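A.B. asks: Here you go, this is target.cif (mmCIF, C-alpha atoms and all ligand atoms).
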```cif
data_my_file
loop_
_atom_site.label_atom_id
_atom_site.label_comp_id
_atom_site.auth_asym_id
_atom_site.auth_seq_id
_atom_site.Cartn_x
_atom_site.Cartn_y
_atom_site.Cartn_z
CA MET A 1 0.00 0.00 0.00
CA ALA A 2 1.30 3.42 -0.92
CA GLY A 3 0.78 4.92 2.53
CA ASN A 4 2.46 2.00 4.23
CA LYS A 5 5.53 2.49 2.09
CA ASN A 6 5.75 5.99 3.54
CA LEU A 7 5.52 4.64 7.04
CA HIS A 8 8.11 1.94 6.57
CA ALA A 9 10.41 4.55 5.10
CA ALA A 10 9.68 6.81 8.09
CA ASN A 11 10.54 4.07 10.53
CA LYS A 12 13.65 3.02 8.73
CA ALA A 13 15.16 6.43 8.24
CA LYS A 14 13.56 7.84 11.40
CA LYS A 15 11.67 10.30 9.26
CA ASP A 16 9.54 11.68 12.02
CA GLU A 17 8.88 15.15 10.66
CA PHE A 18 5.26 15.22 9.65
CA TYR A 19 2.64 17.35 11.26
CA THR A 20 -0.95 16.71 12.21
CA GLN A 21 -3.68 18.79 10.61
CA LEU A 22 -5.91 20.88 12.84
CA SER A 23 -9.03 19.29 11.33
CA ASP A 24 -7.84 15.79 12.31
CA ILE A 25 -7.13 16.95 15.86
CA GLU A 26 -10.56 18.58 16.12
CA ASN A 27 -12.31 15.50 14.74
CA GLU A 28 -10.79 13.26 17.39
CA LEU A 29 -10.68 15.54 20.40
CA LYS A 30 -14.32 16.60 20.19
CA HIS A 31 -15.10 13.20 21.73
CA TYR A 32 -13.03 13.85 24.86
CA LYS A 33 -14.21 17.33 25.83
CA GLU A 34 -15.41 16.40 29.33
CA HIS A 35 -11.97 15.06 30.24
CA PHE A 36 -10.15 18.37 29.95
CA LYS A 37 -11.90 20.55 32.52
CA GLY A 38 -9.44 21.80 35.13
CA LYS A 39 -6.59 19.73 33.65
CA THR A 40 -2.98 20.39 32.70
CA VAL A 41 -2.32 19.27 29.13
CA LEU A 42 1.17 18.46 27.87
CA CYS A 43 2.12 18.29 24.20
CA ASN A 44 5.68 16.99 24.40
CA CYS A 45 6.70 16.49 20.77
CA ASP A 46 5.49 19.82 19.54
CA ASP A 47 7.25 22.76 18.08
CA PRO A 48 4.71 25.50 18.85
CA ARG A 49 5.57 27.25 15.58
CA VAL A 50 4.15 24.36 13.60
CA SER A 51 2.13 22.26 16.04
CA ASN A 52 -1.61 22.28 15.57
CA PHE A 53 -1.89 20.62 18.97
CA PHE A 54 -0.54 23.81 20.50
CA HIS A 55 -2.96 25.79 18.35
CA TYR A 56 -5.94 23.63 19.33
CA PHE A 57 -5.32 23.81 23.07
CA SER A 58 -4.20 27.45 23.26
CA TYR A 59 -7.16 28.76 21.26
CA GLY A 60 -9.53 26.29 22.94
CA PHE A 61 -8.15 26.90 26.45
CA GLU A 62 -11.21 28.67 27.88
CA HIS A 63 -13.73 26.59 25.97
CA LEU A 64 -12.22 23.39 27.35
CA GLY A 65 -11.74 24.91 30.81
CA LEU A 66 -8.04 23.95 30.92
CA LYS A 67 -5.86 24.71 33.91
CA LYS A 68 -2.55 24.86 32.06
CA LEU A 69 -1.00 24.04 28.68
CA ILE A 70 2.63 22.98 28.44
CA THR A 71 4.29 22.42 25.07
CA THR A 72 7.82 21.20 24.61
CA CYS A 73 9.87 21.54 21.46
CA TYR A 74 12.60 19.11 20.55
CA LYS A 75 15.79 20.31 18.97
CA SER A 76 16.56 17.64 16.39
CA GLN A 77 20.06 16.22 16.39
CA ASN A 78 19.82 15.17 12.79
CA ARG A 79 20.44 18.21 10.66
CA ASP A 80 20.27 16.32 7.37
CA LEU A 81 16.59 15.61 7.67
CA PHE A 82 13.82 18.05 7.04
CA SER A 83 13.19 19.59 10.40
CA LYS A 84 11.57 22.74 11.58
CA ASN A 85 13.49 22.32 14.81
CA ASP A 86 16.28 24.54 13.62
CA SER A 87 16.39 27.01 16.48
CA GLU A 88 19.58 27.01 18.53
CA ARG A 89 17.94 25.82 21.69
CA ALA A 90 15.07 23.60 22.65
CA ILE A 91 12.26 25.44 24.41
CA TRP A 92 9.10 24.80 26.32
CA LEU A 93 6.05 27.00 26.57
CA GLU A 94 3.54 27.48 29.30
CA TYR A 95 0.14 29.00 28.75
CA ASN A 96 -2.28 29.71 31.56
CA GLY A 97 -5.11 31.17 29.53
CA ASP A 98 -6.22 34.52 28.22
CA LYS A 99 -5.42 37.44 30.50
CA ASN A 100 -6.41 40.53 28.50
CA GLY A 101 -9.88 39.34 27.54
CA ASN A 102 -9.37 39.12 23.77
CA ARG A 103 -9.73 35.31 23.87
CA VAL A 104 -6.55 34.87 21.84
CA PRO A 105 -3.24 33.49 23.13
CA ASP A 106 -1.04 36.57 22.67
CA PRO A 107 2.77 36.20 22.66
CA GLU A 108 3.05 38.14 25.94
CA GLU A 109 0.68 35.65 27.58
CA ILE A 110 2.83 32.67 26.61
CA GLY A 111 5.80 31.96 28.84
CA ILE A 112 8.90 30.84 26.93
CA ASN A 113 11.43 28.74 28.87
CA TYR A 114 14.75 27.30 27.68
CA PHE A 115 15.85 23.72 28.20
CA LYS A 116 19.42 22.96 29.17
CA GLY A 117 19.24 19.82 27.03
CA ASP A 118 17.63 19.08 23.67
CA GLY A 119 14.00 18.66 24.81
CA ASP A 120 13.97 14.91 24.23
CA PHE A 121 10.76 13.58 25.82
CA ARG A 122 12.92 11.12 27.76
CA SER A 123 15.18 13.78 29.31
CA SER A 124 14.90 14.56 33.02
CA GLU A 125 13.78 18.11 32.25
CA CYS A 126 10.91 16.82 30.12
CA ILE A 127 10.01 14.17 32.66
CA GLU A 128 9.62 16.89 35.30
CA LEU A 129 7.03 18.52 33.02
CA LEU A 130 5.39 15.17 32.35
CA LYS A 131 4.90 14.73 36.08
CA GLN A 132 2.90 17.98 36.17
CA ALA A 133 0.61 16.88 33.36
CA ASP A 134 -2.79 15.24 33.69
CA ILE A 135 -3.26 14.44 30.01
CA VAL A 136 -0.63 14.10 27.28
CA VAL A 137 -1.81 14.79 23.75
CA THR A 138 0.38 14.67 20.67
CA ASN A 139 1.58 12.83 17.61
CA PRO A 140 4.91 11.44 18.86
CA PRO A 141 7.78 10.18 16.65
CA PHE A 142 6.64 6.82 15.26
CA SER A 143 10.21 5.53 15.39
CA LEU A 144 10.15 5.89 19.21
CA PHE A 145 6.57 4.73 19.80
CA ARG A 146 7.47 1.86 22.13
CA GLU A 147 9.59 4.06 24.39
CA TYR A 148 7.04 6.82 24.25
CA MET A 149 4.22 4.54 25.40
CA ALA A 150 6.40 2.89 28.05
CA GLN A 151 7.08 6.29 29.56
CA LEU A 152 3.39 7.22 29.64
CA MET A 153 2.69 3.94 31.42
CA GLU A 154 5.55 4.37 33.87
CA TYR A 155 4.26 7.77 34.93
CA ASN A 156 0.65 6.61 34.89
CA LYS A 157 -0.53 9.35 32.54
CA LYS A 158 -3.77 9.76 30.67
CA PHE A 159 -3.15 10.34 26.98
CA ILE A 160 -4.50 10.71 23.45
CA ILE A 161 -1.75 10.13 20.90
CA VAL A 162 -1.38 9.30 17.22
CA GLY A 163 0.28 6.04 16.28
CA HIS A 164 0.30 3.43 13.56
CA GLN A 165 -1.90 0.35 13.80
CA ASN A 166 1.22 -1.78 13.34
CA ALA A 167 2.13 -0.76 16.88
CA ILE A 168 -0.71 -3.02 18.05
CA THR A 169 1.45 -5.97 17.02
CA TYR A 170 4.46 -4.89 19.12
CA LYS A 171 5.10 -7.23 22.00
CA GLU A 172 5.25 -4.26 24.37
CA ILE A 173 1.95 -2.78 23.15
CA PHE A 174 -0.39 -5.73 22.60
CA PRO A 175 -0.56 -6.76 26.29
CA LEU A 176 -1.68 -3.22 27.13
CA ILE A 177 -4.55 -3.57 24.67
CA LYS A 178 -5.42 -7.08 25.83
CA ASN A 179 -5.56 -5.95 29.45
CA ASN A 180 -7.69 -2.91 28.63
CA LYS A 181 -5.03 -0.45 29.70
CA ILE A 182 -5.09 1.32 26.32
CA TRP A 183 -7.49 1.30 23.37
CA LEU A 184 -8.11 2.90 20.00
CA GLY A 185 -9.79 6.25 19.61
CA TYR A 186 -12.23 7.27 16.89
CA GLY A 187 -9.52 7.34 14.24
CA PHE A 188 -8.83 8.98 10.91
CA LYS A 189 -11.26 9.04 8.02
CA GLY A 190 -10.84 5.89 5.95
CA GLY A 191 -8.04 4.71 8.26
CA ALA A 192 -5.51 7.04 6.63
CA GLY A 193 -4.18 10.45 7.56
CA HIS A 194 -2.73 13.27 5.50
CA PHE A 195 0.12 14.93 7.38
CA ILE A 196 1.83 18.20 6.57
CA SER A 197 5.34 17.33 5.43
CA SER A 198 7.94 17.90 2.78
CA TYR A 199 8.75 14.20 2.46
CA GLU A 200 8.05 12.73 -0.92
CA ASP A 201 4.48 11.46 -1.07
CA VAL A 202 3.95 8.14 -2.78
CA ALA A 203 0.14 8.27 -2.60
CA THR A 204 -1.77 7.80 -5.84
CA ALA A 205 -2.68 10.98 -7.72
CA SER A 206 -6.29 10.83 -6.56
CA SER A 207 -5.36 10.71 -2.88
CA HIS A 208 -2.40 13.09 -3.05
CA LYS A 209 -2.70 16.43 -1.30
CA GLU A 210 -0.21 19.21 -1.95
CA GLY A 211 2.38 19.65 0.81
CA MET A 212 1.30 16.47 2.58
CA ILE A 213 2.11 12.80 2.89
CA ARG A 214 -0.60 10.20 3.16
CA VAL A 215 -0.06 7.52 5.79
CA SER A 216 -2.49 4.61 5.86
CA GLY A 217 -3.17 2.66 9.05
CA VAL A 218 -2.76 5.59 11.44
CA ASN A 219 -4.98 5.75 14.47
CA TRP A 220 -5.38 7.39 17.84
CA PHE A 221 -4.39 5.51 20.99
CA THR A 222 -5.86 6.53 24.32
CA ASN A 223 -6.67 5.45 27.85
CA LEU A 224 -9.46 7.99 28.33
CA GLU A 225 -13.05 6.80 28.38
CA ILE A 226 -14.96 7.32 25.15
CA LYS A 227 -18.51 6.34 24.21
CA LYS A 228 -17.42 4.31 21.22
CA ARG A 229 -15.73 1.76 23.47
CA HIS A 230 -19.07 0.80 25.00
CA GLU A 231 -21.07 0.42 21.81
CA ASP A 232 -21.95 -3.15 20.84
CA LEU A 233 -20.85 -4.43 17.47
CA ILE A 234 -24.04 -5.63 15.77
CA LEU A 235 -23.57 -9.20 14.57
CA TYR A 236 -25.78 -10.82 11.95
CA LYS A 237 -23.91 -13.85 10.57
CA THR A 238 -24.36 -17.38 11.87
CA TYR A 239 -21.66 -19.97 12.31
CA ASN A 240 -21.05 -22.82 9.86
CA PRO A 241 -17.86 -24.87 9.62
CA GLU A 242 -17.34 -24.18 5.89
CA ASP A 243 -17.13 -20.39 6.17
CA TYR A 244 -15.32 -20.45 9.49
CA PRO A 245 -12.57 -23.09 9.40
CA THR A 246 -10.73 -24.07 12.55
CA TYR A 247 -7.00 -23.34 12.94
CA ASP A 248 -4.51 -26.20 12.66
CA ASN A 249 -2.72 -25.09 15.79
CA TYR A 250 -5.41 -23.57 18.04
CA ASP A 251 -8.97 -24.44 18.99
CA ALA A 252 -10.54 -21.39 17.36
CA ILE A 253 -12.27 -20.48 14.11
CA ASN A 254 -10.87 -18.06 11.55
CA VAL A 255 -12.95 -14.97 10.71
CA ASP A 256 -11.67 -12.89 7.80
CA LYS A 257 -13.73 -9.74 8.36
CA THR A 258 -14.83 -8.15 11.62
CA SER A 259 -18.36 -7.71 10.26
CA ASP A 260 -18.51 -11.49 9.66
CA ILE A 261 -18.06 -12.46 13.33
CA PRO A 262 -20.83 -15.04 13.89
CA MET A 263 -23.37 -14.10 16.53
CA ASP A 264 -23.90 -17.68 17.71
CA TYR A 265 -20.35 -18.93 18.23
CA ASP A 266 -19.29 -19.13 21.87
CA GLY A 267 -15.73 -20.39 21.38
CA VAL A 268 -12.56 -18.52 20.48
CA MET A 269 -12.39 -16.70 17.12
CA GLY A 270 -9.43 -15.26 15.22
CA VAL A 271 -10.25 -11.81 13.81
CA PRO A 272 -8.25 -9.17 11.90
CA ILE A 273 -6.47 -6.39 13.81
CA THR A 274 -9.04 -3.89 12.52
CA PHE A 275 -11.48 -5.54 14.96
CA LEU A 276 -9.95 -3.34 17.64
CA ASP A 277 -11.69 -0.36 16.08
CA LYS A 278 -14.97 -1.95 17.15
CA TYR A 279 -13.79 -3.58 20.36
CA ASN A 280 -16.15 -3.20 23.31
CA PRO A 281 -14.72 -4.98 26.38
CA GLU A 282 -18.24 -5.64 27.70
CA GLN A 283 -19.04 -7.61 24.54
CA PHE A 284 -15.75 -9.43 23.88
CA GLU A 285 -12.62 -10.47 25.68
CA ILE A 286 -9.21 -10.69 24.01
CA VAL A 287 -7.64 -14.08 24.54
CA LYS A 288 -4.34 -14.07 22.67
CA PHE A 289 -2.48 -12.61 19.73
CA ARG A 290 -1.26 -14.18 16.54
CA LYS A 291 0.22 -17.48 17.78
CA GLY A 292 -1.21 -20.95 18.16
CA ASN A 293 -0.44 -23.53 20.84
CA ASP A 294 2.84 -24.35 19.10
CA ASP A 295 3.89 -20.69 19.29
CA LYS A 296 3.79 -20.45 15.50
CA ASP A 297 1.50 -18.11 13.55
CA LEU A 298 -2.12 -19.28 13.43
CA ALA A 299 -2.67 -21.39 10.32
CA VAL A 300 -5.61 -22.86 8.41
CA ASN A 301 -4.64 -25.90 6.33
CA GLY A 302 -1.01 -24.86 6.55
CA LYS A 303 -1.66 -21.27 5.41
CA CYS A 304 -1.30 -18.30 7.74
CA PRO A 305 -3.85 -15.52 7.32
CA TYR A 306 -2.53 -12.06 8.17
CA PHE A 307 -2.08 -11.51 11.95
CA ARG A 308 -5.15 -12.47 13.91
CA ILE A 309 -6.37 -11.51 17.35
CA LEU A 310 -8.07 -14.32 19.25
CA ILE A 311 -11.26 -13.13 20.92
CA ARG A 312 -14.31 -14.64 22.63
CA ARG A 313 -17.80 -13.25 23.11
CA LYS A 314 -18.59 -12.56 26.72
CA PRO A 315 -21.65 -14.42 28.07
CA GLN A 316 -24.72 -12.32 27.26
CA LEU A 317 -27.13 -14.45 29.29
CA GLU A 318 -27.23 -12.28 32.38
CA TYR A 319 -27.68 -9.20 30.27
CA HIS A 320 -30.61 -10.72 28.37
CA LEU A 321 -32.27 -12.04 31.53
CA ALA A 322 -32.03 -8.63 33.12
CA ALA A 323 -33.38 -6.95 30.00
CA GLU A 324 -36.33 -9.31 29.56
CA PRO A 325 -39.54 -7.52 30.56
CA GLN A 326 -41.57 -9.16 33.32
CA THR A 327 -44.91 -10.40 31.99
CA PRO A 328 -47.53 -12.63 33.60
CA PHE A 329 -45.98 -15.46 31.56
CA ASN A 330 -42.39 -15.22 32.64
CA SER A 331 -42.61 -13.66 36.11
CA LYS A 332 -41.46 -15.97 38.85
C1 LIG B 401 5.23 12.84 13.82
S1 LIG B 401 5.99 14.37 14.28
C2 LIG B 401 4.58 15.21 14.91
C3 LIG B 401 4.82 16.60 15.31
C4 LIG B 401 3.65 17.23 16.07
N1 LIG B 401 3.38 16.54 17.29
C5 LIG B 401 2.42 17.22 15.20
O1 LIG B 401 1.62 16.34 15.32
O2 LIG B 401 2.26 18.13 14.38
C6 LIG B 401 6.93 13.91 15.67
C7 LIG B 401 7.77 15.04 16.25
O3 LIG B 401 8.54 14.53 17.34
C8 LIG B 401 9.80 15.16 17.34
N2 LIG B 401 10.75 14.27 18.02
C9 LIG B 401 11.57 13.35 17.48
N3 LIG B 401 12.29 12.74 18.43
C10 LIG B 401 11.93 13.31 19.61
C11 LIG B 401 12.33 13.14 20.94
N4 LIG B 401 13.23 12.23 21.24
N5 LIG B 401 11.74 13.88 21.90
C12 LIG B 401 10.81 14.80 21.59
N6 LIG B 401 10.38 15.02 20.33
C13 LIG B 401 10.94 14.29 19.35
C14 LIG B 401 10.14 15.33 15.87
O4 LIG B 401 11.04 16.40 15.72
C15 LIG B 401 8.76 15.62 15.28
O5 LIG B 401 8.51 16.99 15.15
#
```
Show this structure as structure tokens.
C.D. replies:
Amino acid sequence: MAGNKNLHAANKAKKDEFYTQLSDIENELKHYKEHFKGKTVLCNCDDPRVSNFFHYFSYGFEHLGLKKLITTCYKSQNRDLFSKNDSERAIWLEYNGDKNGNRVPDPEEIGINYFKGDGDFRSSECIELLKQADIVVTNPPFSLFREYMAQLMEYNKKFIIVGHQNAITYKEIFPLIKNNKIWLGYGFKGGAGHFISSYEDVATASSHKEGMIRVSGVNWFTNLEIKKRHEDLILYKTYNPEDYPTYDNYDAINVDKTSDIPMDYDGVMGVPITFLDKYNPEQFEIVKFRKGNDDKDLAVNGKCPYFRILIRRKPQLEYHLAAEPQTPFNSK
């Protein structure tokens, strides 16, 4: 896929300089409004001169009822790559809201502070700021996603961040999803994002946008409650052994499309990663990822479908009993 080529290239060459559009930030964050009241937000991979995260939170400060906005700007060590981080020193900004009543974050209302180091999110200076934060919101460097997530977990932070769906398959990330510590947000339209960048775009002409790269498979990762996570996936297919073959190396059936999950199968089912977009932990539990009992990739008649997540429907009996109206015929 064209977009995936971009991502692989980004990972390989650590091409992390692409910037999130304001419209994509607005589309996701509108679902989290109630979480921000009275909170300190940290955007810790964000040059305020180009970051739309800074724009979103500074202009929306009063509307969201924020307590404080902190933005840190990394001074890139790699001068060969396209980078807006060309100032001599790494800085961090602090904004405590509009003071002069014009409802705009004026330069004199934004405190500029200088780091001693380079503003790396892992540096002790940045970690001190992380400790102050209630919610971290950004699009971090994809090449450092594992470390970035590990740090959020270590400091027990709430977050909404952009990442690639491939990260779900990382051995450090999947257990967090399985154990309902993190989940996917609402996501990008069509599962692909256009990011502002000067990297060469390999998207097809019809999906190319000037000054942008298209990256398919991007998503939002969060540990904040959202409505979507509690909506049932409506199932309409029924099980039959022809359409849903059993794996050679695990007692589970293979399901090729999330919408084809049979409504009447109580055992374990292998579903594509995209299932996680519809995952409601009250409806399903996640059992295992990718491997069968022999620790090899799940296979049907010797062939491995693309990575599968093994899931099981949670018993619905209690729910249905509770929901059943009491009539003269069924009352006890
Ligand atoms: C994918 S870009 C997104 C930028 C911005 N958050 C946005 O969404 O517009 C990731 C940013 O992280 C910065 N970065 C790279 N390594 C970093 C590090 N170790 N610590 C902090 N920021 C870093 C890059 O310079 C880059 O601007």
A.B. asks: Rounded to one decimal place, report the CA of Ser197 in chain A-CA of Thr274 in chain A distance in Å.
C.D. replies: 26.6 Å
A.B. asks: Taking the point (-7.8, 24.9, 23.4) as given in the file, collect each protein or nucleic acid residue that comes within 12 Å of it, counting only C-alpha atoms, and present the set as a ChimeraX atom specification.
C.D. replies: /A:22,25-26,29-30,33,36-37,39-43,52-70,95-98,103-105,137
A.B. asks: Can you check which parts of chain A lie within 9 Å of ligand LIG 401 (chain B)? Per residue, the shortest pair of atoms and distance in Å to one decimal, counting all atoms listed in the file, sorted by chain and number, as CSV.
C.D. replies:
```
residue,atom,partner,partner_atom,distance
A:Lys14,CA,B:LIG401,C9,8.4
A:Lys15,CA,B:LIG401,C1,8.3
A:Asp16,CA,B:LIG401,C1,4.8
A:Glu17,CA,B:LIG401,C15,4.6
A:Phe18,CA,B:LIG401,S1,4.8
A:Tyr19,CA,B:LIG401,O2,3.2
A:Thr20,CA,B:LIG401,O1,4.1
A:Gln21,CA,B:LIG401,O2,7.1
A:Leu22,CA,B:LIG401,O2,8.8
A:Ile25,CA,B:LIG401,O1,8.8
A:Cys43,CA,B:LIG401,N1,7.2
A:Asn44,CA,B:LIG401,C12,6.2
A:Cys45,CA,B:LIG401,N6,4.0
A:Asp46,CA,B:LIG401,N1,4.5
A:Asp47,CA,B:LIG401,O5,6.6
A:Pro48,CA,B:LIG401,C4,8.8
A:Val50,CA,B:LIG401,O2,6.6
A:Ser51,CA,B:LIG401,O2,4.5
A:Asn52,CA,B:LIG401,O2,5.8
A:Phe53,CA,B:LIG401,O1,6.6
A:Phe54,CA,B:LIG401,O2,8.8
A:Thr72,CA,B:LIG401,C12,7.7
A:Cys73,CA,B:LIG401,N6,6.6
A:Tyr74,CA,B:LIG401,N6,4.7
A:Lys75,CA,B:LIG401,O4,7.0
A:Ser76,CA,B:LIG401,O4,5.7
A:Gln77,CA,B:LIG401,N3,8.8
A:Ser83,CA,B:LIG401,O4,6.6
A:Lys84,CA,B:LIG401,O5,7.4
A:Asn85,CA,B:LIG401,O4,6.5
A:Asp118,CA,B:LIG401,N5,8.1
A:Gly119,CA,B:LIG401,C12,6.0
A:Asp120,CA,B:LIG401,N5,3.4
A:Phe121,CA,B:LIG401,N5,4.1
A:Arg122,CA,B:LIG401,N5,6.6
A:Ser123,CA,B:LIG401,N5,8.2
A:Cys126,CA,B:LIG401,C12,8.8
A:Val137,CA,B:LIG401,N1,8.5
A:Thr138,CA,B:LIG401,N1,4.9
A:Asn139,CA,B:LIG401,N1,4.1
A:Pro140,CA,B:LIG401,C6,4.5
A:Pro141,CA,B:LIG401,C6,3.9
A:Phe142,CA,B:LIG401,C1,6.3
A:Ser143,CA,B:LIG401,N3,8.1
A:Leu144,CA,B:LIG401,N3,7.2
A:Tyr148,CA,B:LIG401,N4,8.8
A:Ile161,CA,B:LIG401,N1,9.0
A:Val162,CA,B:LIG401,O1,7.9
A:Gly163,CA,B:LIG401,C1,8.8
A:Phe195,CA,B:LIG401,O2,8.0
A:Ile196,CA,B:LIG401,O2,7.8
```
A.B. asks: Grab the CA of Thr204 in chain A to CA of His164 in chain A distance for me, in Å with one decimal place.
C.D. replies: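 A separation of 20.0 Å between them.
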A.B. asks: If you count all atoms listed in the file, which residues fall within 8 Å of Val255 in chain A, apart from same-chain ones fewer than 6 positions away, as a ChimeraX atom specification?
C.D. replies: /A:244,261,269-272
A.B. asks: In Å to one decimal, how far is CA of Arg229 in chain A from CA of Gly191 in chain A?
C.D. replies: 17.3 Å
A.B. asks: Using all atoms listed in the file, pick whichever of A:Tyr265, A:Asn219, A:Tyr186, A:Met153 has the shortest atom-to-atom distance to Pro241 in chain A.
C.D. replies: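 The shortest atom-to-atom distance to Pro241 in chain A comes from A:Tyr265.
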A.B. asks: Could you check which of A:Glu154, A:Asp256, A:Glu34, A:Asp243 is closest to Arg308 in chain A, using all atoms listed in the file?
C.D. replies: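 For Arg308 in chain A, the nearest of the given residues is A:Asp256.
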A.B. asks: Under the rule that only C-alpha atoms are counted, which of A:Leu310, A:Met263, A:Leu233, A:Ile213 is the nearest residue to Glu282 in chain A?
C.D. replies: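 Of all the options, A:Leu233 lies closest to Glu282 in chain A.
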A.B. asks: Name all residues at most 10 Å from range 292-295 of chain A (count all atoms listed in the file; drop same-chain ones fewer than 6 positions away) and give them as a list in words.
C.D. replies: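 Near range 292-295 of chain A, the qualifying residues are Tyr247, Asp248, Asn249, Tyr250, Asp251, Ala252 and Leu310 of chain A.
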A.B. asks: Lys314 in chain A: which residues within 10 Å, counting only C-alpha atoms, same-chain residues fewer than 3 positions away excluded, as a list in words?
C.D. replies: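 The residues satisfying every condition are Asp266, Gly267, Pro281, Glu282, Gln283, Phe284, Glu285, Ile286, Ile311 and Leu317 of chain A.
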